[in-house]
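A.B. asks: Structure provided below as structure tokens; questions to follow.
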Amino acid sequence: MKKFVNRIDDAAAEGLAGFAAAYPDHVVLGENARFVRRRHTVPGKVALISGGGSGHEPLHAGFVGTGMLDAACPGHIFTSPTPGQVEAAMGAVEVGAGCLLIVKNYAGDRLNFAMAAEAADRAVQTVVVGDEVLVGSSADGERRGLAGTLVVEKILGASAERGLDLKMLRELGERVVERTRTIGVTLSSCSPHFVRGPTVELGPEEIEFGVGIHGELGRRRASLRPARALVDDMVAAIIADTGSLAGEEILLFVNGLGATPLMELHLMFGLAEEALSAAGARIVRRLVGTYVTSLDTAGCSLTVTRLDAEMTAAWDEPVDTPALRWGC
Amino acid sequence: MKKFVNRIDDAAAEGLAGFAAAYPDHVVLGENARFVRRRHTVPGKVALISGGGSGHEPLHAGFVGTGMLDAACPGHIFTSPTPGQVEAAMGAVEVGAGCLLIVKNYAGDRLNFAMAAEAADRAVQTVVVGDEVLVGSSADGERRGLAGTLVVEKILGASAERGLDLKMLRELGERVVERTRTIGVTLSSCSPHFVRGPTVELGPEEIEFGVGIHGELGRRRASLRPARALVDDMVAAIIADTGSLAGEEILLFVNGLGATPLMELHLMFGLAEEALSAAGARIVRRLVGTYVTSLDTAGCSLTVTRLDAEMTAAWDEPVDTPALRWGC
Amino acid sequence: MTGTEQVGRAVDAVARCWIDHADELTKLDSAIGDGDHGTNMKRGAEAVLAERDAIVARPLPSALQDIGHVLVESIGGAAGPLYGSFFLSLGRTVSLHPNRDDWNMGLRDAVSAVARRGNASPGEKTMLDVLVSAESAFSHGLDAAGIEAAASEAAESTIPMLARRGRAAFLSERSIGHMDPGALSSALAVAAICRVWEDAP
Amino acid sequence: MTGTEQVGRAVDAVARCWIDHADELTKLDSAIGDGDHGTNMKRGAEAVLAERDAIVARPLPSALQDIGHVLVESIGGAAGPLYGSFFLSLGRTVSLHPNRDDWNMGLRDAVSAVARRGNASPGEKTMLDVLVSAESAFSHGLDAAGIEAAASEAAESTIPMLARRGRAAFLSERSIGHMDPGALSSALAVAAICRVWEDAP
Ligand SMILES: Nc1ncnc2c1ncn2[C@@H]1O[C@H](COP(=O)(O)OP(=O)(O)O)[C@@H](O)[C@H]1O
Ligand SMILES: Nc1ncnc2c1ncn2[C@@H]1O[C@H](COP(=O)(O)OP(=O)(O)O)[C@@H](O)[C@H]1O
Ligand SMILES: [Mg+2]
Ligand SMILES: [Mg+2]
Ligand SMILES: [Mg+2]
Ligand SMILES: [Mg+2]
């Protein structure tokens, strides 16, 4: 798969360097690019730190800034960052109110962030994000951390700016995760720099249903159908997981996985709003775009967050990061 | 090429309907979706209207709102909108200070917008955007309207909010076009809904150099090389067109053509900043992302605008549109 | 056959022809354009067919102008205004019951309207090359078959041309070796009209 | 051959092995994971090789812990902390000049450190399946060839298993029929060490 790249092994590092060059007012690269931190920290604020493998851009470094993350640790492509990176980030942005680590539910992320937390000589708490809708037989299984991570980071980011302490933030984070469900569909898998060709080969009429954001196999192979049928299946899977959404105030977030044009994401958004409204849900907040990706994967995810007053207020708060910006 | 779509012929209309559903606070769909207009017009302001074929999302409807366009007329995929659409848009958003039509330099766009202007019984002026860098033998030819259109719309949008009149806006627009140059490179062409497979077949080691935003052939076929070599060629082509950029204050805008992941765009941005700085240019404003696309084309464009004080100030003004948002 | 009946049958024939050749036009426009000419002309044909009876019921000049308006508001892109200008101009100049000379003058004005609208001249690899040839064949008194042949040859003649107008012009030399899609859609229309004219002069 | 010399040759052998089999590990991780295990282990191998002389010059316990730290800070992903925990634990328990019993106790602790760190147990289609088998073969007094065989069989035994830990667990039944990439990288490491041990017991 053709890419804009120099040396394959430098793809993530050169991408990060370009990102930092593009947003000099927002972010600063930590020493030998081990983390990205916001230019100005806020005295007394709990430091929000996240991170994960590269290849999900703009997640997480794109969400460093006012109203969201204080620092993000990018690992190699699809590879969790090391404990040393997380420790270095904590040292750079913690201002005495402790650190809240926002960790997506993958073994690599949890293992590395846990080692950093253990080694840290400061107050550290962790929120594990698992927002994947479980499909069929995996009902008892683990939920992957998907696009809902953005919602968690936005709501916690605003709440931290408002002065919530470490414990309250962790509890709020866990509540947001509980009320956030995501399901993704892939039309064609990505071709990571280190894999010749796509990770998963899909035929012209095949899709993967219930996918993650690492180009890996999803929950099941399915056939390509018109968008309305796909959306109805996705919404049905969400509701099977959350229970009825009738009367619920929800945030609907349709996210591109990297190579899906905005016209198609808008189309899916319109269908999702229709399907959810038909199920009795009230869409009160909306986001559509390419935010939590899997390199050059063609596909999209639907995220539904059941909002309460506190979450809605936090969602509306100003945010000024490279990838998400409103109100300031 | 697999897509999220219901009926092929409805792809653009359903995408537009989803877009309008996603941004109820920003935009309103005109009668039977002939145009998209901003929710609140500004008394006494010159109405800025643009448009073109669908398939370039978020351009143009994504730039409707405070500080940018008042209305955008979307045609079918890659097909200019009709005079009737432009006339309807003018009727909806012109508030007595006349209309400035921002028209990309394509026969279809110019012919249809010209027919609308002729039929209009109000003050109408037109800015034709041709920002393409001319490569080799086509030196005397026409310049296509590419990603630089965003820069023109942003600068004119802010200036219109500040009260510039129709004539001053048109002159400013022409000046911005003169000082804006764009060159694009495609790794793989797009597969429009109405074409089975990609418009242009490129081999595994082939790229198109000097491309437009309609999936069509570029200026010449070239071979895939490391990103640094591609960027050096692109910057050299820009400078061959503009003359030396030494000492110039410039806006650097690296734009994705639809299916290129952000990691690669950031990488290209970093290389472009290096190459332009080496050529003596001072990068004072920056933008990177997927803004002016060609459906699912894998590729990117480099846009350089030589800024003066007025343009820089207008660029910095607040903007609140679905696709571009800062300062408010 | 009354005038309007002939217009009706011409409308049906041209529309049918554009719809049936949409894929071919798409292929040509994919080679040196953006691939939409096939769907554009198909959409225009369907729009005219949708109002065919109303159009045909009107006096010839209005019918032709209606066709022009419908094409402008349905085809879009470069082809819309150009085909629209052709029929709008034709409708403004032909009389209620035009004889061959009236048609002659009408067609001449219509072709120059297209040239003016598109600021193009023959030899620039556009639909104009076909319209000019067909009109001149008509004005030289050729019969239906002769006009159809002229149009078809004109379309073929665009293959070696360097495009100077429209999207293909951006490709400079790379436009050489491909037939212009608008030239083919024009030649198809001329052929369809000629056959209707031949069956019932 | 002195202890440290043997460690040096073991380090070279394991690193060489992970580098040479990177593509194979990538292929396995593409089937039921995200495809990065090959490059992850290659990066870890190169990082240890870069500090090989400094590591080998140190007393055995520190050398093993250094290897653990280097692997944690270079591999990343799930494999980093797990391989790191193995060597960190081994380095903390073995004495300066361990005999077979010392190695036995050290390996047993190291394997349980991995199990604890990953919260995994044998039979869950992870590298632990191989480490447990190899350690048990060692503790039962098998020779190098025997231990290598046990490790290799354990890797094969992961093919029919349903993954319960790590990325592959998300695939439930779809993980069946593929060898676990971490199991192969562990088996390769065991084989490399056994051969070094065999050449110079
Ligand atoms: N200036 C012009 N004068 C005459 N014909 C033109 C001109 N520009 C374009 N055309 C015709 O339009 C055809 C392309 O139509 P179409 O593909 O529908 O529009 P677009 O180029 O906007 O996609 C070309 O093949 C050519 O024949
Ligand atoms: N909880 C765990 N316990 C033991 N081994 C694990 C665990 N999670 C993952 N692994 C091992 O890690 C291997 C994957 O490593 P790697 O691909 O480098 O990390 P990632 O899965 O983060 O991409 C798996 O094949 C498995 O052997
Ligand atoms: Mg990984
Ligand atoms: Mg077109
Ligand atoms: Mg076209
Ligand atoms: Mg992996």
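Each chain of the structure tokens is named A, B, ... in the order shown, its residues numbered from 1; ligands are numbered from 1 in display order.
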Would you mind listing what lies within 8 Å of D:Ala78 as a PDB file with N, CA and C atoms, in the first residue's frame, with only C-alpha atoms counted and same-chain residues fewer than 5 positions away left out?
C.D. replies:
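Listed below is the output, part-v4.pdb:
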```pdb
ATOM      1  N   SER A  80       1.771  -0.077  22.352  1.00  0.00           N
ATOM      2  CA  SER A  80       1.626   0.779  23.530  1.00  0.00           C
ATOM      3  C   SER A  80       2.964   1.410  23.904  1.00  0.00           C
ATOM      4  N   ALA A 107      -4.285  -5.060  26.520  1.00  0.00           N
ATOM      5  CA  ALA A 107      -3.274  -5.604  27.437  1.00  0.00           C
ATOM      6  C   ALA A 107      -2.039  -4.701  27.443  1.00  0.00           C
ATOM      7  N   GLY A 108      -1.551  -4.347  26.261  1.00  0.00           N
ATOM      8  CA  GLY A 108      -0.333  -3.539  26.184  1.00  0.00           C
ATOM      9  C   GLY A 108      -0.474  -2.208  26.920  1.00  0.00           C
ATOM     10  N   ASP A 109      -1.571  -1.493  26.647  1.00  0.00           N
ATOM     11  CA  ASP A 109      -1.761  -0.197  27.315  1.00  0.00           C
ATOM     12  C   ASP A 109      -1.835  -0.380  28.836  1.00  0.00           C
ATOM     13  N   LEU A 111      -0.769  -2.837  30.768  1.00  0.00           N
ATOM     14  CA  LEU A 111       0.479  -3.329  31.378  1.00  0.00           C
ATOM     15  C   LEU A 111       1.501  -2.200  31.521  1.00  0.00           C
ATOM     16  N   ASN A 112       1.677  -1.429  30.427  1.00  0.00           N
ATOM     17  CA  ASN A 112       2.704  -0.369  30.478  1.00  0.00           C
ATOM     18  C   ASN A 112       2.302   0.779  31.402  1.00  0.00           C
TER      19      ASN A 112
ATOM     20  N   GLY D 166      -4.862 -10.958  26.148  1.00  0.00           N
ATOM     21  CA  GLY D 166      -4.234 -10.215  25.043  1.00  0.00           C
ATOM     22  C   GLY D 166      -5.226  -9.900  23.941  1.00  0.00           C
TER      23      GLY D 166
END
```
A.B. asks: What do you get as a compact mmCIF listing (two decimals) with N, CA, C and O atoms, in the first residue's frame if you pick all residues at most 8 Å from ligand 5, counting only C-alpha atoms and all ligand atoms?
C.D. replies:
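Output below, filename part08.txt:
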```txt
# COMPACT_ATOMS: atom_id res chain seq x y z
N PHE B 78 -18.78 15.73 -8.32
CA PHE B 78 -17.87 16.28 -9.34
C PHE B 78 -18.60 17.05 -10.44
O PHE B 78 -18.04 17.25 -11.51
N THR B 79 -19.83 17.47 -10.17
CA THR B 79 -20.60 18.19 -11.19
C THR B 79 -21.06 19.54 -10.65
O THR B 79 -21.72 19.59 -9.61
N ASP C 29 -14.97 10.15 -20.16
CA ASP C 29 -14.72 11.27 -19.25
C ASP C 29 -13.79 10.85 -18.10
O ASP C 29 -13.22 11.70 -17.42
N SER C 30 -13.67 9.51 -17.89
CA SER C 30 -12.71 9.05 -16.87
C SER C 30 -11.29 9.18 -17.40
O SER C 30 -10.35 9.40 -16.66
N GLY C 33 -11.12 13.32 -18.01
CA GLY C 33 -11.93 14.24 -17.19
C GLY C 33 -12.19 13.64 -15.84
O GLY C 33 -11.35 12.88 -15.30
N ASP C 34 -13.36 13.91 -15.30
CA ASP C 34 -13.66 13.45 -13.93
C ASP C 34 -14.73 12.35 -13.90
O ASP C 34 -15.24 12.02 -12.83
N GLY C 35 -15.08 11.82 -15.07
CA GLY C 35 -15.92 10.63 -15.11
C GLY C 35 -17.40 10.84 -14.96
O GLY C 35 -18.16 9.87 -14.91
N ASP C 36 -17.86 12.11 -14.92
CA ASP C 36 -19.29 12.32 -14.62
C ASP C 36 -20.15 12.59 -15.85
O ASP C 36 -21.36 12.71 -15.74
N HIS C 37 -19.56 12.68 -17.06
CA HIS C 37 -20.35 13.08 -18.21
C HIS C 37 -21.49 12.10 -18.51
O HIS C 37 -22.59 12.50 -18.90
N GLY C 77 -22.47 20.85 -14.30
CA GLY C 77 -21.13 20.75 -14.89
C GLY C 77 -21.02 21.66 -16.13
O GLY C 77 -21.86 22.55 -16.34
N ALA C 78 -20.01 21.40 -16.94
CA ALA C 78 -19.81 22.23 -18.13
C ALA C 78 -20.91 21.95 -19.17
O ALA C 78 -21.40 22.86 -19.84
N ARG C 167 -12.23 20.64 -18.82
CA ARG C 167 -11.37 19.94 -17.87
C ARG C 167 -10.15 19.30 -18.52
O ARG C 167 -9.06 19.30 -17.98
```
A.B. asks: I want to know what sits within 10 Å of B:Ala114, based on only C-alpha atoms, with residues of the same chain fewer than 3 positions away left out; could you give that as a PyMOL selection string?
C.D. replies: (chain B and resi 83+86+101+103+108-111+117-120+125-126) or (chain C and resi 81+117)
A.B. asks: Do you have, as a tab-separated table, the list of residues of chain A lying at most 8 Å from chain D, each with its nearest atom pair and that distance in Å to one decimal, counting only C-alpha atoms and ordered by chain then number?
C.D. replies:
```
residue	atom	partner	partner_atom	distance
A:Gly53	CA	D:Gly77	CA	7.9
A:Gly75	CA	D:Gly76	CA	7.1
A:His76	CA	D:Gly76	CA	7.8
A:Ile77	CA	D:Asp36	CA	7.6
A:Phe78	CA	D:Asp36	CA	6.8
A:Thr79	CA	D:Gly77	CA	4.5
A:Ser80	CA	D:Gly77	CA	4.2
A:Pro81	CA	D:Gly76	CA	5.6
A:Thr82	CA	D:Gly76	CA	5.3
A:Pro83	CA	D:Glu73	CA	7.1
A:Gly84	CA	D:Glu73	CA	6.6
A:Tyr106	CA	D:Arg167	CA	6.7
A:Ala107	CA	D:Gly166	CA	5.3
A:Gly108	CA	D:Ala78	CA	3.6
A:Asp109	CA	D:Gly77	CA	6.7
A:Leu111	CA	D:Pro81	CA	6.3
A:Asn112	CA	D:Pro81	CA	6.3
A:Met115	CA	D:Pro81	CA	7.8
A:Ser137	CA	D:Ser172	CA	7.8
A:Ser138	CA	D:Ser172	CA	6.5
A:Gly141	CA	D:Phe170	CA	7.2
A:Glu142	CA	D:Phe170	CA	6.7
A:Arg143	CA	D:Phe170	CA	7.9
A:Arg144	CA	D:Phe170	CA	7.6
A:Pro192	CA	D:Gly35	CA	7.8
A:Phe194	CA	D:Asp36	CA	7.1
A:Val195	CA	D:Gly35	CA	6.7
A:Thr199	CA	D:Ser30	CA	5.3
A:Val200	CA	D:Ser30	CA	7.3
A:His214	CA	D:Asp34	CA	5.4
A:Gly215	CA	D:Asp34	CA	6.2
A:Glu216	CA	D:Asp34	CA	5.2
A:Leu217	CA	D:Ile32	CA	6.8
A:Gly218	CA	D:Leu171	CA	6.7
A:Arg219	CA	D:Leu171	CA	5.9
```
A.B. asks: So which bits of stretch 34-114 of chain C end up helix (DSSP H, G or I) when you DSSP the backbone, as number ranges by chain?
C.D. replies: C: 37-50, 52-56, 60-75, 79-93, 100-114
A.B. asks: Pick out the residues sitting within 10 Å of stretch 132-143 of chain D, and hand them over as a ChimeraX atom specification; count only C-alpha atoms, and ignore anything fewer than 6 positions along from it in its own chain.
C.D. replies: /D:100-101,103-112,114-115,121-122,149-155,186-187,190-191,194,197-198
A.B. asks: Could those residues be written to a file, using N, CA and C atoms, as an mmCIF file, in the first residue's frame?
C.D. replies:
```
data_model
loop_
_atom_site.group_PDB
_atom_site.id
_atom_site.type_symbol
_atom_site.label_atom_id
_atom_site.label_comp_id
_atom_site.auth_asym_id
_atom_site.auth_seq_id
_atom_site.Cartn_x
_atom_site.Cartn_y
_atom_site.Cartn_z
ATOM 1 N N ARG D 100 22.329 -25.297 38.892
ATOM 2 C CA ARG D 100 21.066 -25.667 38.229
ATOM 3 C C ARG D 100 19.867 -25.412 39.154
ATOM 4 N N ASP D 101 20.059 -25.713 40.467
ATOM 5 C CA ASP D 101 18.929 -25.482 41.395
ATOM 6 C C ASP D 101 18.597 -23.997 41.508
ATOM 7 N N TRP D 103 19.087 -21.748 39.198
ATOM 8 C CA TRP D 103 18.387 -21.389 37.945
ATOM 9 C C TRP D 103 16.947 -21.881 38.034
ATOM 10 N N ASN D 104 16.781 -23.078 38.605
ATOM 11 C CA ASN D 104 15.461 -23.666 38.692
ATOM 12 C C ASN D 104 14.497 -22.745 39.446
ATOM 13 N N MET D 105 14.991 -22.309 40.630
ATOM 14 C CA MET D 105 14.124 -21.441 41.458
ATOM 15 C C MET D 105 13.897 -20.110 40.729
ATOM 16 N N GLY D 106 14.980 -19.578 40.151
ATOM 17 C CA GLY D 106 14.875 -18.283 39.445
ATOM 18 C C GLY D 106 13.864 -18.346 38.320
ATOM 19 N N LEU D 107 13.940 -19.417 37.526
ATOM 20 C CA LEU D 107 13.036 -19.540 36.378
ATOM 21 C C LEU D 107 11.601 -19.682 36.858
ATOM 22 N N ARG D 108 11.451 -20.437 37.947
ATOM 23 C CA ARG D 108 10.065 -20.633 38.453
ATOM 24 C C ARG D 108 9.467 -19.288 38.879
ATOM 25 N N ASP D 109 10.278 -18.509 39.582
ATOM 26 C CA ASP D 109 9.775 -17.179 39.999
ATOM 27 C C ASP D 109 9.510 -16.281 38.797
ATOM 28 N N ALA D 110 10.408 -16.367 37.824
ATOM 29 C CA ALA D 110 10.284 -15.488 36.643
ATOM 30 C C ALA D 110 8.986 -15.800 35.891
ATOM 31 N N VAL D 111 8.710 -17.098 35.748
ATOM 32 C CA VAL D 111 7.488 -17.480 35.023
ATOM 33 C C VAL D 111 6.245 -17.028 35.806
ATOM 34 N N SER D 112 6.298 -17.154 37.126
ATOM 35 C CA SER D 112 5.107 -16.707 37.874
ATOM 36 C C SER D 112 5.020 -15.184 37.879
ATOM 37 N N VAL D 114 5.642 -13.394 35.267
ATOM 38 C CA VAL D 114 4.948 -13.109 33.985
ATOM 39 C C VAL D 114 3.454 -13.392 34.147
ATOM 40 N N ALA D 115 3.156 -14.513 34.792
ATOM 41 C CA ALA D 115 1.738 -14.877 34.972
ATOM 42 C C ALA D 115 1.025 -13.801 35.786
ATOM 43 N N SER D 121 -3.046 -17.476 32.901
ATOM 44 C CA SER D 121 -2.723 -18.834 33.353
ATOM 45 C C SER D 121 -2.506 -19.687 32.109
ATOM 46 N N PRO D 122 -1.854 -20.811 32.275
ATOM 47 C CA PRO D 122 -1.592 -21.658 31.099
ATOM 48 C C PRO D 122 -2.904 -22.031 30.405
ATOM 49 N N ALA D 149 12.388 -28.948 22.893
ATOM 50 C CA ALA D 149 11.231 -29.674 22.335
ATOM 51 C C ALA D 149 9.957 -29.299 23.092
ATOM 52 N N ALA D 150 10.076 -29.221 24.395
ATOM 53 C CA ALA D 150 8.896 -28.881 25.212
ATOM 54 C C ALA D 150 8.358 -27.507 24.814
ATOM 55 N N ALA D 151 9.291 -26.580 24.635
ATOM 56 C CA ALA D 151 8.880 -25.214 24.273
ATOM 57 C C ALA D 151 8.202 -25.210 22.905
ATOM 58 N N SER D 152 8.802 -25.938 21.993
ATOM 59 C CA SER D 152 8.256 -25.962 20.626
ATOM 60 C C SER D 152 6.866 -26.609 20.612
ATOM 61 N N GLU D 153 6.724 -27.680 21.352
ATOM 62 C CA GLU D 153 5.403 -28.324 21.428
ATOM 63 C C GLU D 153 4.370 -27.379 22.068
ATOM 64 N N ALA D 154 4.834 -26.663 23.076
ATOM 65 C CA ALA D 154 3.903 -25.748 23.759
ATOM 66 C C ALA D 154 3.414 -24.674 22.782
ATOM 67 N N ALA D 155 4.323 -24.207 21.941
ATOM 68 C CA ALA D 155 3.920 -23.194 20.955
ATOM 69 C C ALA D 155 2.881 -23.786 20.003
ATOM 70 N N SER D 186 8.586 -16.728 22.306
ATOM 71 C CA SER D 186 9.157 -17.358 23.509
ATOM 72 C C SER D 186 9.852 -18.676 23.138
ATOM 73 N N ALA D 187 9.186 -19.457 22.313
ATOM 74 C CA ALA D 187 9.774 -20.761 21.928
ATOM 75 C C ALA D 187 11.103 -20.547 21.195
ATOM 76 N N VAL D 190 13.724 -19.687 23.794
ATOM 77 C CA VAL D 190 14.129 -20.898 24.553
ATOM 78 C C VAL D 190 15.072 -21.743 23.704
ATOM 79 N N ALA D 191 14.718 -21.916 22.438
ATOM 80 C CA ALA D 191 15.551 -22.740 21.549
ATOM 81 C C ALA D 191 16.958 -22.139 21.444
ATOM 82 N N CYS D 194 18.895 -22.701 24.636
ATOM 83 C CA CYS D 194 19.252 -24.113 24.792
ATOM 84 C C CYS D 194 20.466 -24.460 23.941
ATOM 85 N N TRP D 197 23.494 -23.124 25.535
ATOM 86 C CA TRP D 197 23.757 -23.898 26.762
ATOM 87 C C TRP D 197 24.375 -25.254 26.392
ATOM 88 N N GLU D 198 23.875 -25.841 25.302
ATOM 89 C CA GLU D 198 24.330 -27.162 24.844
ATOM 90 C C GLU D 198 25.799 -27.107 24.425
#
```
A.B. asks: Among stretch 21-176 of chain B, which residues does DSSP mark as strand (DSSP E or B) when it is run on the backbone? Keep the chain and numbering as in the structure and answer as number ranges by chain.
C.D. replies: B: 27-29, 36-38, 47-54, 64, 66, 69, 71-77, 99-104, 124-129, 132
A.B. asks: Excluding same-chain residues fewer than 2 positions from stretch 165-176 of chain B, what lies within 8 Å of it counting only C-alpha atoms, as a ChimeraX atom specification?
C.D. replies: /B:45-46,97-100,125-129,151-152,155-156,159-160,163,178-180,305,311
A.B. asks: Determine which residues of chain B sit within 6 Å of chain A, taking into account only C-alpha atoms, and present them as a list in words.
C.D. replies: Phe4, Val5, Asn6, Glu14, Gly15, Gly18, Phe19, Ala22, Glu57, Pro226, Ala227, Gly258, Ala259, Pro261, Leu262, Met263, Glu264, His266, Leu267, Phe269, Gly270, Arg286, Leu295, Asp296, Gly327 and Cys328 of chain B
A.B. asks: From the list C:Asp20, C:Val56, C:Met41, C:Ala50, which residue is nearest ligand 4 when using only C-alpha atoms and all ligand atoms?
C.D. replies: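 Looking only at the distances to ligand 4, the closest residue turns out to be C:Met41.
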A.B. asks: Would you mind reading off the distance between atom CA of D:Phe87 and atom CA of D:Leu28, one decimal, in Å?
C.D. replies: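 That distance, rounded to one decimal, is 24.3 Å.
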